[in-house]
Amino acid sequence: MENRVNLGKAAPDLYQAVVAIDRLANEYAASAGITEGLAHLLRLRASQLNQCAFCIRLHTRDALACGESNDRISILPAWRETQYFTEKERAALALTEAVTLVAEGQVPESVYNEAAAVLSTEEIAAVEWLGVVINAWNRIAIPSRYPVR
């Protein structure tokens with residue numbers, strides 16, 4: 001791979017601002033009742049959609065470390081076809097996908113309404129903030145070509 005500008009090193013103050021917003025999103029998610037495992041699965045799913053190898057590896061390891069099963073992690077790209085996820089987790093995954101794929105129909109009313117039927121306002125906000133932040137991280141890591149060796 002060719003050398004790329006590492007955005008974190010080129011603009012450390014901006015990088016630290018993303019670190020700070022990530023910390024706040026994590027705290028908000030925890031206070032809203034989003035488990036650490038689900039938070040990592042949501043980040044992992046967004047990273048899979050964005051094809052961010054660095055973040056896929058990171059959040060797979062983090063999900064395993066906080067007790068997520070190999071089965072739930074490995075089936076994540078086909079989560080709709082399984083019974084591994086609760087109704088709330090399924091709504092959170094669908095909402096995360098919609099936030100990640102925002103250029104494809106924005107966040108469809110059907111996805112939002114399904115989420116609103118099973119998630120509290122705080123849970124919806126937490127899931128959306130986690131989606132916003134992981135998408136920012138993906139957009140830092142991908143153009144910087146963070147190494148995965």
# chains A, B, ... in the order shown; residues from 1 in each chain; ligands from 1
$ residues_around --residues "Leu44 of chain A" --least-positions-apart "3" --cutoff "8 Å" --atoms "only C-alpha atoms" --output "PyMOL selection string"
chain A and resi 40-41+47-48+55-56+59-60
$ closest_atom_pairs --of "segment 36-142 of chain A" --to "segment 13-20 of chain A" --cutoff "9 Å" --atoms "only C-alpha atoms" --output "tab-separated table"
residue	atom	partner	partner_atom	distance
A:Val133	CA	A:Val18	CA	7.7
A:Ala136	CA	A:Val18	CA	7.8
A:Trp137	CA	A:Val18	CA	7.8
A:Ile140	CA	A:Tyr15	CA	8.7
$ atom_distance --atom1 "atom CA of Cys52 of chain A" --atom2 "atom CA of Ile75 of chain A"
17.5 Å
$ residues_around --residues "Leu119 of chain A" --least-positions-apart "6" --cutoff "9 Å" --atoms "only C-alpha atoms" --output "PyMOL selection string"
chain A and resi 88+91-92
$ select_by_dssp --residues "chain A" --states "helix (DSSP H, G or I)" --output "number ranges by chain"
A: 7-10, 12-31, 36-50, 53-65, 70-74, 76-81, 87-100, 109-118, 121-144
$ residues_around --residues "Ala94 of chain A" --least-positions-apart "2" --cutoff "9 Å" --atoms "only C-alpha atoms" --output "PyMOL selection string"
chain A and resi 89-92+96-99+111-112+114-115
$ write_last_selection --atoms "all heavy atoms" --output "short mmCIF file (atom, residue, chain, number, x, y, z; two decimals), in the first residue's frame"
data_model
loop_
_atom_site.label_atom_id
_atom_site.label_comp_id
_atom_site.auth_asym_id
_atom_site.auth_seq_id
_atom_site.Cartn_x
_atom_site.Cartn_y
_atom_site.Cartn_z
N GLU A 89 -32.08 -5.65 19.98
CA GLU A 89 -30.79 -5.70 19.28
C GLU A 89 -30.99 -5.60 17.78
O GLU A 89 -30.25 -4.91 17.08
CB GLU A 89 -30.04 -6.97 19.64
CG GLU A 89 -29.53 -7.00 21.07
CD GLU A 89 -29.00 -8.34 21.50
OE1 GLU A 89 -29.46 -9.39 20.96
OE2 GLU A 89 -28.12 -8.37 22.38
N ARG A 90 -32.03 -6.26 17.27
CA ARG A 90 -32.32 -6.22 15.84
C ARG A 90 -32.69 -4.79 15.41
O ARG A 90 -32.24 -4.31 14.37
CB ARG A 90 -33.44 -7.20 15.51
CG ARG A 90 -33.06 -8.66 15.77
CD ARG A 90 -34.25 -9.61 15.64
NE ARG A 90 -34.63 -9.79 14.25
CZ ARG A 90 -33.98 -10.56 13.38
NH1 ARG A 90 -32.91 -11.24 13.77
NH2 ARG A 90 -34.39 -10.68 12.14
N ALA A 91 -33.48 -4.11 16.23
CA ALA A 91 -33.83 -2.72 15.93
C ALA A 91 -32.59 -1.84 15.94
O ALA A 91 -32.43 -0.96 15.08
CB ALA A 91 -34.87 -2.22 16.93
N ALA A 92 -31.70 -2.07 16.91
CA ALA A 92 -30.47 -1.29 17.00
C ALA A 92 -29.56 -1.56 15.80
O ALA A 92 -28.94 -0.63 15.25
CB ALA A 92 -29.74 -1.59 18.30
N THR A 96 -28.48 1.23 13.08
CA THR A 96 -27.06 1.47 12.82
C THR A 96 -26.75 1.35 11.34
O THR A 96 -26.02 2.17 10.77
CB THR A 96 -26.19 0.50 13.63
OG1 THR A 96 -26.43 0.73 15.02
CG2 THR A 96 -24.72 0.66 13.31
N GLU A 97 -27.32 0.34 10.69
CA GLU A 97 -27.12 0.18 9.25
C GLU A 97 -27.68 1.39 8.49
O GLU A 97 -27.04 1.88 7.56
CB GLU A 97 -27.75 -1.11 8.75
CG GLU A 97 -27.00 -2.35 9.17
CD GLU A 97 -27.60 -3.64 8.63
OE1 GLU A 97 -28.69 -3.60 8.02
OE2 GLU A 97 -26.96 -4.68 8.83
N ALA A 98 -28.85 1.87 8.89
CA ALA A 98 -29.45 3.01 8.20
C ALA A 98 -28.62 4.27 8.38
O ALA A 98 -28.44 5.04 7.43
CB ALA A 98 -30.88 3.23 8.71
N VAL A 99 -28.09 4.48 9.59
CA VAL A 99 -27.22 5.64 9.83
C VAL A 99 -25.96 5.52 8.98
O VAL A 99 -25.49 6.50 8.40
CB VAL A 99 -26.89 5.77 11.33
CG1 VAL A 99 -25.77 6.77 11.57
CG2 VAL A 99 -28.14 6.16 12.12
N VAL A 111 -37.56 1.93 9.29
CA VAL A 111 -36.50 1.53 10.22
C VAL A 111 -36.64 2.30 11.52
O VAL A 111 -36.56 1.71 12.61
CB VAL A 111 -35.10 1.76 9.59
CG1 VAL A 111 -33.99 1.53 10.60
CG2 VAL A 111 -34.92 0.85 8.38
N TYR A 112 -36.86 3.60 11.42
CA TYR A 112 -36.99 4.41 12.62
C TYR A 112 -38.22 3.99 13.44
O TYR A 112 -38.15 3.86 14.66
CB TYR A 112 -37.06 5.90 12.28
CG TYR A 112 -36.97 6.74 13.52
CD1 TYR A 112 -35.74 7.11 14.04
CD2 TYR A 112 -38.12 7.12 14.20
CE1 TYR A 112 -35.65 7.86 15.20
CE2 TYR A 112 -38.04 7.88 15.37
CZ TYR A 112 -36.80 8.23 15.87
OH TYR A 112 -36.71 8.95 17.02
N GLU A 114 -39.72 1.09 13.51
CA GLU A 114 -39.46 -0.21 14.15
C GLU A 114 -38.58 -0.03 15.38
O GLU A 114 -38.81 -0.67 16.41
CB GLU A 114 -38.80 -1.17 13.16
CG GLU A 114 -39.76 -1.68 12.10
CD GLU A 114 -39.09 -2.53 11.03
OE1 GLU A 114 -37.99 -3.08 11.29
OE2 GLU A 114 -39.67 -2.66 9.94
N ALA A 115 -37.59 0.84 15.29
CA ALA A 115 -36.74 1.11 16.45
C ALA A 115 -37.55 1.77 17.56
O ALA A 115 -37.45 1.38 18.73
CB ALA A 115 -35.55 1.99 16.05
#
$ closest_residue --among "A:Leu101, A:Leu7, A:Ala126, A:Leu95" --to "Asn113 of chain A" --atoms "only C-alpha atoms"
A:Leu95
$ closest_residue --among "A:Arg43, A:Ile21, A:Trp129, A:Val102" --to "Ile73 of chain A" --atoms "only C-alpha atoms"
A:Arg43
$ closest_residue --among "A:Leu76, A:Ala10, A:Leu93, A:Val148" --to "Leu130 of chain A" --atoms "only C-alpha atoms"
A:Leu93
$ atom_distance --atom1 "atom CA of Leu58 of chain A" --atom2 "atom CA of Gly105 of chain A"
28.7 Å
$ atom_distance --atom1 "atom CA of Asn138 of chain A" --atom2 "atom CA of Glu87 of chain A"
26.7 Å
$ residues_around --residues "Ser31 of chain A" --least-positions-apart "3" --cutoff "9 Å" --atoms "only C-alpha atoms" --output "CSV table (one decimal) with N, CA and C atoms, in the first residue's frame"
chain,number,residue,atom,x,y,z
A,26,ASN,N,-19.9,6.6,24.3
A,26,ASN,CA,-19.9,5.4,25.1
A,26,ASN,C,-20.6,5.6,26.4
A,27,GLU,N,-20.3,6.7,27.1
A,27,GLU,CA,-20.9,7.0,28.4
A,27,GLU,C,-22.4,7.1,28.2
A,28,TYR,N,-22.9,7.8,27.2
A,28,TYR,CA,-24.3,8.0,26.9
A,28,TYR,C,-25.0,6.6,26.6
A,34,ILE,N,-27.5,0.5,26.9
A,34,ILE,CA,-26.9,-0.3,25.8
A,34,ILE,C,-25.6,-1.0,26.3
A,122,GLU,N,-33.9,7.4,24.7
A,122,GLU,CA,-32.4,7.4,25.0
A,122,GLU,C,-31.7,6.3,24.3
A,126,ALA,N,-28.7,6.9,21.7
A,126,ALA,CA,-27.4,6.2,22.0
A,126,ALA,C,-27.0,5.4,20.7
$ closest_residue --among "A:Ala65, A:Ala117, A:Ala39, A:Ala141" --to "Ala53 of chain A" --atoms "only C-alpha atoms"
A:Ala141
